[in-house]
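Below is one structure, written out as structure tokens; the observations come after it.
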Amino acid sequence: MPHARAALPDAASVPGGVAIVELGAAGARPSATFGGRPVMVLAQPEREGAWIAVVGVALGADASQSPSLAVRNTDGSTRQVAFSLQSKAYAEQRLSVAPRHVELSPKDLARHERERVHLAEVLRRFSNREPATLRLATPTAGPRSSSFGLRRVFNGQSRNPHSGMDIAAPTGTPVLCAAAGEVIDTGDYFFNGNTVIVDHGLGLLTLYCHLSAIGTERGAMLDAGAPLGKVGATGRATGAHLHFSVYLNATPVDPALFLPAA
């Protein structure tokens with residue numbers, strides 16, 4: 001059944017955004033890849049027999065280039081579908097944290113590397129289940145204290161841009177699943193602290209980090225709004241908050257495009 005337009009995220013064809021690319025008419029759902037990774041393909045709303053790709057664009061993407069999707073139709077034919085990007089500037093934030101979370105000891109560095117490899121594998125998950133919706137519910141109550149894409153400087157040292165949204169809330173505040181899905185990972189990670197990752201289908205994943213407690217387990221099927229943990233300050237955190245990330249085709253994208261307006 002075609003999705004209603006309201007079920008799609010806001011389109012933002014920018015680094016860190018979501019490009020909604022028209023693939024044209026095809027008898028059956030084509031498949032598509034971007035940068036070698038499978039991307040979400042859905043029936044195009046209000047146009048019978050047509051399809052769209054919902055593509056996560058990396059923060060490091062070069063907006064001066066014209067990226068393209070590799071599309072394969074069910075008859076085996078292939079084609080390239082180009083789309084355009086616009087540039088976007090993100091702000092910078094300077095933070096002070098415990099030195100061990102910036103200048104890692106050999107032991108912590110080895111732990112982080114193991115966790116990085118594991119999480120990269122989890123985040124590549126692409127299940128064939130179609131998401132019930134791409135409009136997500138806010139996972140916890142509180143002000144959005146740090147935005148996606150913020151370039152962060154910890155103790156004077158530049159680090160990767162912020163890959164999610166921070167929502168400030170007291171320790172113990174319930175954290176709810178943003179949409180129906182399967183819990184595919186839980187754990188206590190060096191940087192992320194207590195973490196839950198949920199697969200909503202076709203490469204759409206959500207992450208919930210720095211939890212004080214995890215209230216679910218791998219393999220659990222959660223409804224939208226189901227509790228999965230509580231806000232905390234575990235891992236690399238300067239205070240109690242929820243770090244909430246959204247991934248498409250193994251790429252972190254701006255959660256604000258999926259959430260109700262603040």
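Residue numbering restarts at 1 for every chain of the structure tokens, chains are lettered A, B, ... in their displayed order, and ligands are numbered from 1 as they appear.
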Could I get the residues of stretch 108-215 of chain A with an atom no further than 8 Å from an atom of stretch 223-245 of chain A, each paired with its nearest atom pair and that distance in Å to one decimal, using only C-alpha atoms, sorted by chain and residue number, as CSV?
```
residue,atom,partner,partner_atom,distance
A:Ala137,CA,A:Gly225,CA,7.5
A:Pro139,CA,A:Gly225,CA,7.6
A:Thr140,CA,A:Leu242,CA,7.7
A:Ser163,CA,A:Ser245,CA,6.5
A:Gly164,CA,A:Ser245,CA,4.2
A:Met165,CA,A:Phe244,CA,5.2
A:Asp166,CA,A:His243,CA,4.5
A:Ile167,CA,A:Leu242,CA,5.1
A:Ala168,CA,A:His241,CA,4.4
A:Ala169,CA,A:His241,CA,5.2
A:Pro170,CA,A:Ala240,CA,5.9
A:Thr171,CA,A:Gly232,CA,4.7
A:Gly172,CA,A:Lys230,CA,4.9
A:Thr173,CA,A:Val231,CA,5.2
A:Pro174,CA,A:Lys230,CA,4.6
A:Val175,CA,A:Lys230,CA,5.1
A:Leu176,CA,A:Pro227,CA,4.4
A:Cys177,CA,A:Gly225,CA,5.0
A:Ala178,CA,A:Ala224,CA,5.6
A:Ala179,CA,A:Ala224,CA,4.0
A:Ala180,CA,A:Asp223,CA,4.3
A:Gly181,CA,A:Asp223,CA,6.7
A:Asp188,CA,A:Gly235,CA,7.9
A:Tyr189,CA,A:Gly235,CA,6.6
A:Phe190,CA,A:Gly235,CA,5.4
A:Phe191,CA,A:Gly235,CA,4.7
A:Asn192,CA,A:Gly235,CA,5.0
A:Gly193,CA,A:Gly235,CA,3.6
A:Asn194,CA,A:Thr234,CA,6.3
A:Val196,CA,A:Leu228,CA,7.6
A:Thr206,CA,A:Ser245,CA,5.6
A:Leu207,CA,A:Ser245,CA,4.9
A:Tyr208,CA,A:Phe244,CA,5.0
A:Cys209,CA,A:His243,CA,5.0
A:His210,CA,A:Thr234,CA,4.5
A:Leu211,CA,A:Gly232,CA,4.4
A:Ser212,CA,A:Gly232,CA,3.9
A:Ala213,CA,A:Lys230,CA,5.3
A:Ile214,CA,A:Gly229,CA,4.3
A:Gly215,CA,A:Gly229,CA,4.4
```
Those in stretch 16-181 of chain A with strand (DSSP E or B) from DSSP, as a count of residues only = 59
Return as CSV the residues of stretch 18-100 of chain A lying at most 12 Å from stretch 120-128 of chain A, together with the closest atom-to-atom pair for each and the distance in Å to one decimal, counting only C-alpha atoms, with rows in chain order and ascending residue number.
```
residue,atom,partner,partner_atom,distance
A:Arg29,CA,A:Asn128,CA,11.9
A:Ser31,CA,A:Asn128,CA,11.1
A:Thr33,CA,A:Phe126,CA,11.6
A:Gly36,CA,A:Arg124,CA,11.4
A:Arg37,CA,A:Arg124,CA,8.3
A:Pro38,CA,A:Phe126,CA,7.4
A:Val39,CA,A:Phe126,CA,8.4
A:Met40,CA,A:Phe126,CA,8.9
A:Val41,CA,A:Asn128,CA,10.4
A:Leu42,CA,A:Asn128,CA,11.5
```
task = Give the alpha helix (DSSP H) residues of stretch 42-186 of chain A, as assigned by DSSP on the backbone, as a list in words.
result = Pro106, Lys107, Asp108, Leu109, Ala110, Arg111, His112, Glu113, Arg114, Glu115, Arg116, Val117, His118, Leu119, Ala120, Glu121, Val122 and Leu123 of chain A
Requested write-out: N, CA and C atoms of the selected residues, as an mmCIF file, in the first residue's frame:
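Saved result, part_4.cif, follows:
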```
data_model
loop_
_atom_site.group_PDB
_atom_site.id
_atom_site.type_symbol
_atom_site.label_atom_id
_atom_site.label_comp_id
_atom_site.auth_asym_id
_atom_site.auth_seq_id
_atom_site.Cartn_x
_atom_site.Cartn_y
_atom_site.Cartn_z
ATOM 1 N N PRO A 106 45.771 3.273 26.386
ATOM 2 C CA PRO A 106 45.803 2.122 25.469
ATOM 3 C C PRO A 106 44.658 1.146 25.719
ATOM 4 N N LYS A 107 44.327 0.924 26.988
ATOM 5 C CA LYS A 107 43.225 0.010 27.303
ATOM 6 C C LYS A 107 41.895 0.552 26.787
ATOM 7 N N ASP A 108 41.629 1.847 27.042
ATOM 8 C CA ASP A 108 40.371 2.435 26.579
ATOM 9 C C ASP A 108 40.331 2.512 25.062
ATOM 10 N N LEU A 109 41.473 2.798 24.435
ATOM 11 C CA LEU A 109 41.520 2.867 22.983
ATOM 12 C C LEU A 109 41.204 1.512 22.364
ATOM 13 N N ALA A 110 41.742 0.443 22.955
ATOM 14 C CA ALA A 110 41.456 -0.902 22.454
ATOM 15 C C ALA A 110 39.978 -1.230 22.620
ATOM 16 N N ARG A 111 39.406 -0.839 23.762
ATOM 17 C CA ARG A 111 37.969 -1.065 23.970
ATOM 18 C C ARG A 111 37.150 -0.304 22.941
ATOM 19 N N HIS A 112 37.481 0.975 22.750
ATOM 20 C CA HIS A 112 36.745 1.783 21.775
ATOM 21 C C HIS A 112 36.826 1.185 20.379
ATOM 22 N N GLU A 113 37.988 0.678 19.982
ATOM 23 C CA GLU A 113 38.132 0.112 18.646
ATOM 24 C C GLU A 113 37.264 -1.133 18.484
ATOM 25 N N ARG A 114 37.220 -1.987 19.507
ATOM 26 C CA ARG A 114 36.350 -3.163 19.445
ATOM 27 C C ARG A 114 34.888 -2.734 19.298
ATOM 28 N N GLU A 115 34.506 -1.751 20.095
ATOM 29 C CA GLU A 115 33.121 -1.288 20.051
ATOM 30 C C GLU A 115 32.800 -0.607 18.726
ATOM 31 N N ARG A 116 33.761 0.139 18.178
ATOM 32 C CA ARG A 116 33.538 0.815 16.898
ATOM 33 C C ARG A 116 33.249 -0.190 15.790
ATOM 34 N N VAL A 117 34.025 -1.266 15.744
ATOM 35 C CA VAL A 117 33.821 -2.300 14.721
ATOM 36 C C VAL A 117 32.457 -2.960 14.899
ATOM 37 N N HIS A 118 32.116 -3.280 16.150
ATOM 38 C CA HIS A 118 30.821 -3.914 16.420
ATOM 39 C C HIS A 118 29.665 -3.007 16.025
ATOM 40 N N LEU A 119 29.720 -1.748 16.444
ATOM 41 C CA LEU A 119 28.614 -0.831 16.156
ATOM 42 C C LEU A 119 28.485 -0.563 14.666
ATOM 43 N N ALA A 120 29.601 -0.481 13.953
ATOM 44 C CA ALA A 120 29.541 -0.281 12.506
ATOM 45 C C ALA A 120 28.801 -1.433 11.836
ATOM 46 N N GLU A 121 29.042 -2.643 12.320
ATOM 47 C CA GLU A 121 28.344 -3.805 11.756
ATOM 48 C C GLU A 121 26.850 -3.742 12.070
ATOM 49 N N VAL A 122 26.495 -3.394 13.313
ATOM 50 C CA VAL A 122 25.082 -3.285 13.686
ATOM 51 C C VAL A 122 24.382 -2.232 12.838
ATOM 52 N N LEU A 123 25.034 -1.098 12.628
ATOM 53 C CA LEU A 123 24.401 0.022 11.930
ATOM 54 C C LEU A 123 24.277 -0.197 10.431
#
```
request  = Give me, please, the distance in Å between atom CA of A:Leu23 and atom CA of A:Gln44, quoted to one decimal.
outcome  =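 Result for atom CA of A:Leu23 versus atom CA of A:Gln44: 8.9 Å, one decimal.
Compared by their closest atoms to A:Leu59, and using only C-alpha atoms, the residues A:Pro131, A:Gly35, A:Gly76, A:Gly149 rank with A:Gly149 nearest.
Among the candidates A:Asp185, A:Asp254, A:Glu22, A:Asp10, the residue lying nearest to A:Ile52 is A:Glu22 (atoms considered: only C-alpha atoms).
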